[in-house]
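*Asks:* One structure follows; several queries about it will come next.
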Amino acid sequence: MKIVSVHEGVVPISSSIRNAWIDFSSMDCSIVAVVSDVVRDGEPVVGYGFTSNGRYSAGEILRRRMLPRLLQASPDDLLADDGTFVDPAKAWNVMMRNEKPGGHGERSVAVGAVDMALFDLAAKIAGQPLYRFLSERYGDGRPDESVFVYAAGGYYAPGKGLSELQDEMKGFLDLGYRVVKMKIGGAELAEDLRRIEAVLDVVGGDGSRLAVDVNGRFDLETALEYGRAIEPYGLFWYEEPGDPLDYHLHATLAEHYRGPLATGENLFSLPDARNLVRYAGMRPDRDTIQVDPALSYGLVEYLRIQDMLRQHGWDSRRCIPHGGHQFSLHIAAALKLGGNESYPGEFKPAGGFADGAVVRDGHVGLTDLPGIGLEAKAAFYPVLRELHS
C-alpha cells in the first residue's frame, strides 16, 4: 500500500470557559487526513487525527516539515515488514529526521496528530477497532472492554456561581460519572474552598470522588498553602500544582501533601517524563501520570514512556491520559491504563467519545468500528471528510 495524499486543516474548539492560566475563547486544533490507495466499498481507506485540546493548531509545522517528509519518503522507509500498512513507528522516524533533541513544544503536537491518523489508518486496514489492534501488538491481547472515566469541568465562566457549579456537577453524575474534577487557582483560596465544599455537597461529602486541577499556576508557597487547606478533604487528586517542569516544587509538595497528586499533561516527551519520575517526588502507590498521547509525539512515544515507567516500578494503572478524546480511550483499554479523562460538553467537535457512548458507573465502552471510530461522531466526521473530499 502507499499514502496517496495527506491533508491538514484547523477546527475551532473555543468556548467562554477559563482555568487558572488561560481562557479558551480562541482555542483551536489541527486535523489531519491520511488517504491511502487501499479501497474498501468503493472508497479509499483514510486515517484521521487531531491535536487534542489545550494547545493550539500546529499547521505551520505540519505543512513545512512533517508532512513533506512523510510524502517524500520511500515505501521502504514507511511500510511494515509485511507491506500491508504504514508502520507509525517508521513514519515517526521519517517525520523527526533532521530535528534536534529538546524543544518539544508544538512540534510534539504536530507529530502526534499524524501519529493518530496513521494508527487509525493501520487499524482500519486490519479491519479492527484500534484498541484490539493495539492490544494484540503492544499489550497482552486481552484489552479492557470498558474504561474508567471521570468528568472534567468546574471551569471559571462568566455568571457561574456556586449553584451553577453544583448544577454542572449534578449533571455529570446524572450522566453516569462517579468522579468529577473542577478547576482551582483562578480565585482566592477562600473562594476556591467555598467552591470545593459546594461540589463536595453534590458528591455526598466524599472527597475521593472529587479531583481539583490548578493547571500549573502556583509557586511553591501557594502550592503548599492550598495543600494544607485541602488535605483534610481526602480528594481524588490534587493536579498540576506548579509549572510542569518545576520538579523541585512538585517533590517538595509531595513531602508535605499526603494525598494523591497528578501531573504530566504538559510533558511531551520521554526525557521529560523520565525526569518527572526521577526528580518530582512522584509516588507510584498513589500518584497519577497524565501524559496525553496526542500531544506528546503520539502513541509511538507514549509506548516508550510506558516502557520507561515499567522500568521504574510504575504500574500502567497509575496512568490516566489527559484530553478526553477517543484516541486515548482506545489506548487506555489496550494498554490497561487506569482510565481516561472526559469533558462532557466541551471541546467539540473533536473531543469526546462516540455519539452512542454511555457512561455506566463511571466506565465507558469502546466502539467496534474499525480504527478510532471517529466516523461515529456526527458533528466531527463531516469536518474530517471535507479535508479530502
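Labels used: A, B, ... for chains in the order of the C-alpha cells, numbers from 1 for residues in each chain, and numbers from 1 for ligands as shown.
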Taking a cut-off of 12 Å and counting only C-alpha atoms, can you build a table that, for each residue of range 296-356 of chain A near range 173-177 of chain A, reports the nearest atom pair and how far apart they are in Å (one decimal), sorted by chain then residue number, as a Markdown table?
*Replies:*
| residue | atom | partner | partner_atom | distance |
| --- | --- | --- | --- | --- |
| A:Glu341 | CA | A:Tyr177 | CA | 11.1 |
| A:Ser342 | CA | A:Tyr177 | CA | 9.6 |
| A:Tyr343 | CA | A:Tyr177 | CA | 11.1 |
| A:Pro344 | CA | A:Leu175 | CA | 9.0 |
| A:Gly345 | CA | A:Leu175 | CA | 11.4 |
*Asks:* Considering only C-alpha atoms, tabulate each residue of range 250-270 of chain A that lies at most 12 Å from range 51-73 of chain A along with its nearest interatomic pair and the corresponding distance in Å to one decimal; arrange the rows by chain and ascending residue number and present them as JSON lines.
*Replies:*
{"residue": "A:Glu265", "atom": "CA", "partner": "A:Gly54", "partner_atom": "CA", "distance": 9.6}
{"residue": "A:Asn266", "atom": "CA", "partner": "A:Gly54", "partner_atom": "CA", "distance": 9.2}
{"residue": "A:Phe268", "atom": "CA", "partner": "A:Arg55", "partner_atom": "CA", "distance": 11.5}
*Asks:* So that I have them on file, write out the residues from the current selection with N, CA, C and O atoms, as an mmCIF file, in the first residue's frame.
*Replies:*
data_model
loop_
_atom_site.group_PDB
_atom_site.id
_atom_site.type_symbol
_atom_site.label_atom_id
_atom_site.label_comp_id
_atom_site.auth_asym_id
_atom_site.auth_seq_id
_atom_site.Cartn_x
_atom_site.Cartn_y
_atom_site.Cartn_z
ATOM 1 N N GLU A 265 0.328 16.225 31.994
ATOM 2 C CA GLU A 265 -0.362 16.514 30.737
ATOM 3 C C GLU A 265 0.405 17.506 29.867
ATOM 4 O O GLU A 265 0.177 17.583 28.663
ATOM 5 N N ASN A 266 1.306 18.279 30.470
ATOM 6 C CA ASN A 266 2.099 19.244 29.711
ATOM 7 C C ASN A 266 3.563 18.825 29.590
ATOM 8 O O ASN A 266 4.432 19.662 29.371
ATOM 9 N N PHE A 268 5.774 16.461 27.111
ATOM 10 C CA PHE A 268 5.508 15.978 25.762
ATOM 11 C C PHE A 268 6.560 15.047 25.197
ATOM 12 O O PHE A 268 6.622 14.844 23.988
#
*Asks:* Of the candidates A:Arg317, A:Arg228, A:Arg209, A:Arg97, which one gets nearest to Asp287 in chain A if we count only C-alpha atoms?
*Replies:*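 Result for the nearest residue to Asp287 in chain A: A:Arg317.
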*Asks:* What's around Gly281 in chain A at 7 Å? Count only C-alpha atoms, leave out sequence neighbours fewer than 2 positions away in its own chain, and write the answer as a list in words.
*Replies:*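 Contacts, in chain order: His250, Ala251, Ala254, Tyr279 and Arg283 of chain A.
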*Asks:* Write out as number ranges by chain the residues lying within 10 Å of range 320-324 of chain A, counting only C-alpha atoms and excluding same-chain residues fewer than 5 positions away.
*Replies:* A: 51-54, 148-152, 262-266, 288-295, 329, 331-332, 337-344, 346-347, 350-353
*Asks:* Just the residues within 6 Å of range 377-384 of chain A, please, counting only C-alpha atoms, with nothing from its chain fewer than 2 positions along; format it as a ChimeraX atom specification.
*Replies:* /A:349,354-355,374-375,386-387
*Asks:* Find the spatial neighbours of Leu79 in chain A, counting only C-alpha atoms, within a cut-off of 12 Å - ignore same-chain residues fewer than 2 positions away - and output them as a list in words.
*Replies:* Met1, Lys2, Ile3, Leu70, Ala73, Ser74, Pro75, Asp76, Asp77, Asp81, Asp82, Gly83, Thr84, Phe85, Val86, Asp87, Pro88, Ala89, Lys90, Ala91, Trp92, Val94, Leu118 and Ala122 of chain A
*Asks:* Emit the selected residues as an mmCIF file, in the first residue's frame, including N, CA, C and O atoms.
*Replies:*
data_model
loop_
_atom_site.group_PDB
_atom_site.id
_atom_site.type_symbol
_atom_site.label_atom_id
_atom_site.label_comp_id
_atom_site.auth_asym_id
_atom_site.auth_seq_id
_atom_site.Cartn_x
_atom_site.Cartn_y
_atom_site.Cartn_z
ATOM 1 N N MET A 1 0.840 -1.184 0.000
ATOM 2 C CA MET A 1 0.000 0.000 0.000
ATOM 3 C C MET A 1 0.884 1.245 0.000
ATOM 4 O O MET A 1 2.092 1.157 0.235
ATOM 5 N N LYS A 2 0.289 2.371 -0.231
ATOM 6 C CA LYS A 2 1.035 3.630 -0.151
ATOM 7 C C LYS A 2 0.090 4.760 0.251
ATOM 8 O O LYS A 2 -1.142 4.647 0.141
ATOM 9 N N ILE A 3 0.690 5.830 0.713
ATOM 10 C CA ILE A 3 -0.059 7.044 1.030
ATOM 11 C C ILE A 3 -0.247 7.834 -0.257
ATOM 12 O O ILE A 3 0.726 8.156 -0.947
ATOM 13 N N LEU A 70 7.006 13.090 5.182
ATOM 14 C CA LEU A 70 6.209 11.871 5.067
ATOM 15 C C LEU A 70 5.915 11.559 3.606
ATOM 16 O O LEU A 70 6.050 10.407 3.151
ATOM 17 N N ALA A 73 9.015 10.339 1.482
ATOM 18 C CA ALA A 73 9.710 9.129 1.918
ATOM 19 C C ALA A 73 9.466 7.973 0.939
ATOM 20 O O ALA A 73 8.421 7.883 0.293
ATOM 21 N N SER A 74 10.446 7.077 0.853
ATOM 22 C CA SER A 74 10.282 5.876 0.034
ATOM 23 C C SER A 74 9.410 4.865 0.771
ATOM 24 O O SER A 74 9.334 4.880 2.001
ATOM 25 N N PRO A 75 8.749 3.964 0.048
ATOM 26 C CA PRO A 75 7.909 2.960 0.708
ATOM 27 C C PRO A 75 8.668 2.138 1.744
ATOM 28 O O PRO A 75 8.105 1.804 2.794
ATOM 29 N N ASP A 76 9.927 1.814 1.477
ATOM 30 C CA ASP A 76 10.698 1.013 2.425
ATOM 31 C C ASP A 76 10.875 1.721 3.761
ATOM 32 O O ASP A 76 11.046 1.069 4.801
ATOM 33 N N ASP A 77 10.854 3.040 3.736
ATOM 34 C CA ASP A 77 11.025 3.810 4.967
ATOM 35 C C ASP A 77 9.741 3.883 5.789
ATOM 36 O O ASP A 77 9.772 4.317 6.941
ATOM 37 N N ASP A 81 6.776 -4.580 7.889
ATOM 38 C CA ASP A 81 7.544 -5.643 7.243
ATOM 39 C C ASP A 81 6.717 -6.440 6.242
ATOM 40 O O ASP A 81 7.248 -6.904 5.219
ATOM 41 N N ASP A 82 5.403 -6.608 6.524
ATOM 42 C CA ASP A 82 4.575 -7.374 5.587
ATOM 43 C C ASP A 82 4.005 -6.508 4.468
ATOM 44 O O ASP A 82 3.292 -7.014 3.589
ATOM 45 N N GLY A 83 4.295 -5.210 4.479
ATOM 46 C CA GLY A 83 3.885 -4.316 3.401
ATOM 47 C C GLY A 83 2.427 -3.958 3.369
ATOM 48 O O GLY A 83 1.969 -3.309 2.419
ATOM 49 N N THR A 84 1.658 -4.325 4.403
ATOM 50 C CA THR A 84 0.209 -4.123 4.337
ATOM 51 C C THR A 84 -0.258 -2.786 4.910
ATOM 52 O O THR A 84 -1.380 -2.372 4.653
ATOM 53 N N PHE A 85 0.584 -2.115 5.687
ATOM 54 C CA PHE A 85 0.167 -0.827 6.251
ATOM 55 C C PHE A 85 1.405 0.013 6.549
ATOM 56 O O PHE A 85 2.519 -0.494 6.650
ATOM 57 N N VAL A 86 1.180 1.318 6.684
ATOM 58 C CA VAL A 86 2.258 2.216 7.077
ATOM 59 C C VAL A 86 2.508 2.030 8.567
ATOM 60 O O VAL A 86 1.593 2.181 9.385
ATOM 61 N N ASP A 87 3.735 1.689 8.906
ATOM 62 C CA ASP A 87 4.110 1.487 10.293
ATOM 63 C C ASP A 87 4.278 2.862 10.952
ATOM 64 O O ASP A 87 5.172 3.627 10.575
ATOM 65 N N PRO A 88 3.444 3.213 11.953
ATOM 66 C CA PRO A 88 3.578 4.532 12.574
ATOM 67 C C PRO A 88 4.945 4.789 13.177
ATOM 68 O O PRO A 88 5.406 5.938 13.194
ATOM 69 N N ALA A 89 5.622 3.749 13.672
ATOM 70 C CA ALA A 89 6.958 3.944 14.240
ATOM 71 C C ALA A 89 7.962 4.332 13.158
ATOM 72 O O ALA A 89 8.821 5.205 13.374
ATOM 73 N N LYS A 90 7.878 3.705 11.987
ATOM 74 C CA LYS A 90 8.760 4.093 10.892
ATOM 75 C C LYS A 90 8.427 5.505 10.405
ATOM 76 O O LYS A 90 9.333 6.306 10.112
ATOM 77 N N ALA A 91 7.151 5.810 10.317
ATOM 78 C CA ALA A 91 6.741 7.155 9.900
ATOM 79 C C ALA A 91 7.217 8.202 10.903
ATOM 80 O O ALA A 91 7.600 9.315 10.525
ATOM 81 N N TRP A 92 7.210 7.850 12.186
ATOM 82 C CA TRP A 92 7.694 8.751 13.228
ATOM 83 C C TRP A 92 9.156 9.103 12.980
ATOM 84 O O TRP A 92 9.551 10.272 13.058
ATOM 85 N N VAL A 94 10.728 9.076 10.182
ATOM 86 C CA VAL A 94 10.802 9.918 8.985
ATOM 87 C C VAL A 94 10.460 11.362 9.335
ATOM 88 O O VAL A 94 11.161 12.306 8.933
ATOM 89 N N LEU A 118 -2.223 7.835 11.481
ATOM 90 C CA LEU A 118 -1.592 6.620 10.963
ATOM 91 C C LEU A 118 -2.026 5.379 11.734
ATOM 92 O O LEU A 118 -2.193 4.300 11.153
ATOM 93 N N ALA A 122 -3.944 2.263 10.104
ATOM 94 C CA ALA A 122 -3.452 0.890 10.240
ATOM 95 C C ALA A 122 -4.528 -0.043 10.772
ATOM 96 O O ALA A 122 -4.704 -1.173 10.282
#
*Asks:* Under the rule that only C-alpha atoms are counted, which of A:Tyr138, A:Gly205, A:Phe24, A:Val300 is the nearest residue to Asn93 in chain A?
*Replies:*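 Result for the nearest residue to Asn93 in chain A: A:Val300.
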*Asks:* Measuring between only C-alpha atoms, which one of A:Leu78, A:His388, A:Ala198, A:Ala229 shows the shortest distance to Ala33 in chain A?
*Replies:*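 Smallest distance to Ala33 in chain A is found for A:His388.
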*Asks:* Can you list every residue in range 82-278 of chain A that DSSP puts in strand (DSSP E), as a list of chain:residue names?
*Replies:* A:Ser146, A:Val147, A:Phe148, A:Val149, A:Tyr150, A:Ala151, A:Ala152, A:Val180, A:Lys181, A:Met182, A:Lys183, A:Leu210, A:Ala211, A:Val212, A:Asp213, A:Trp237, A:Tyr238, A:Glu239, A:Leu261, A:Ala262, A:Thr263
*Asks:* What separation in Å, quoted to one decimal, exists between CA of Glu221 in chain A and CA of Leu200 in chain A?
*Replies:*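 Taking CA of Glu221 in chain A and CA of Leu200 in chain A, their separation equals 25.2 Å.
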*Asks:* So which residues of range 317-354 of chain A fall under alpha helix (DSSP H) by DSSP, listed as a ChimeraX atom specification?
*Replies:* /A:326-335
*Asks:* When you draw a straight line from CA of Leu224 in chain A to CA of Val203 in chain A, how long is it in Å?
*Replies:*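 Interatomic distance, CA of Leu224 in chain A to CA of Val203 in chain A: 25.3 Å.
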*Asks:* If you measure from CA of Val35 in chain A to CA of Val109 in chain A, what distance in Å do you get, rounded to one decimal?
*Replies:* 20.3 Å
*Asks:* Mind dumping a table of every range 226-344 of chain A residue within 10 Å of range 183-197 of chain A, with the nearest atom pair and its distance in Å to one decimal, using only C-alpha atoms, sorted by chain and rising number, as CSV?
*Replies:*
residue,atom,partner,partner_atom,distance
A:Tyr226,CA,A:Leu189,CA,7.1
A:Ala229,CA,A:Leu193,CA,8.0
A:Ile230,CA,A:Leu193,CA,7.8
A:Tyr233,CA,A:Glu197,CA,8.9
A:Leu235,CA,A:Ile196,CA,9.9
A:Tyr238,CA,A:Ile184,CA,9.7
A:Glu239,CA,A:Lys183,CA,9.3
A:Pro241,CA,A:Gly185,CA,8.8
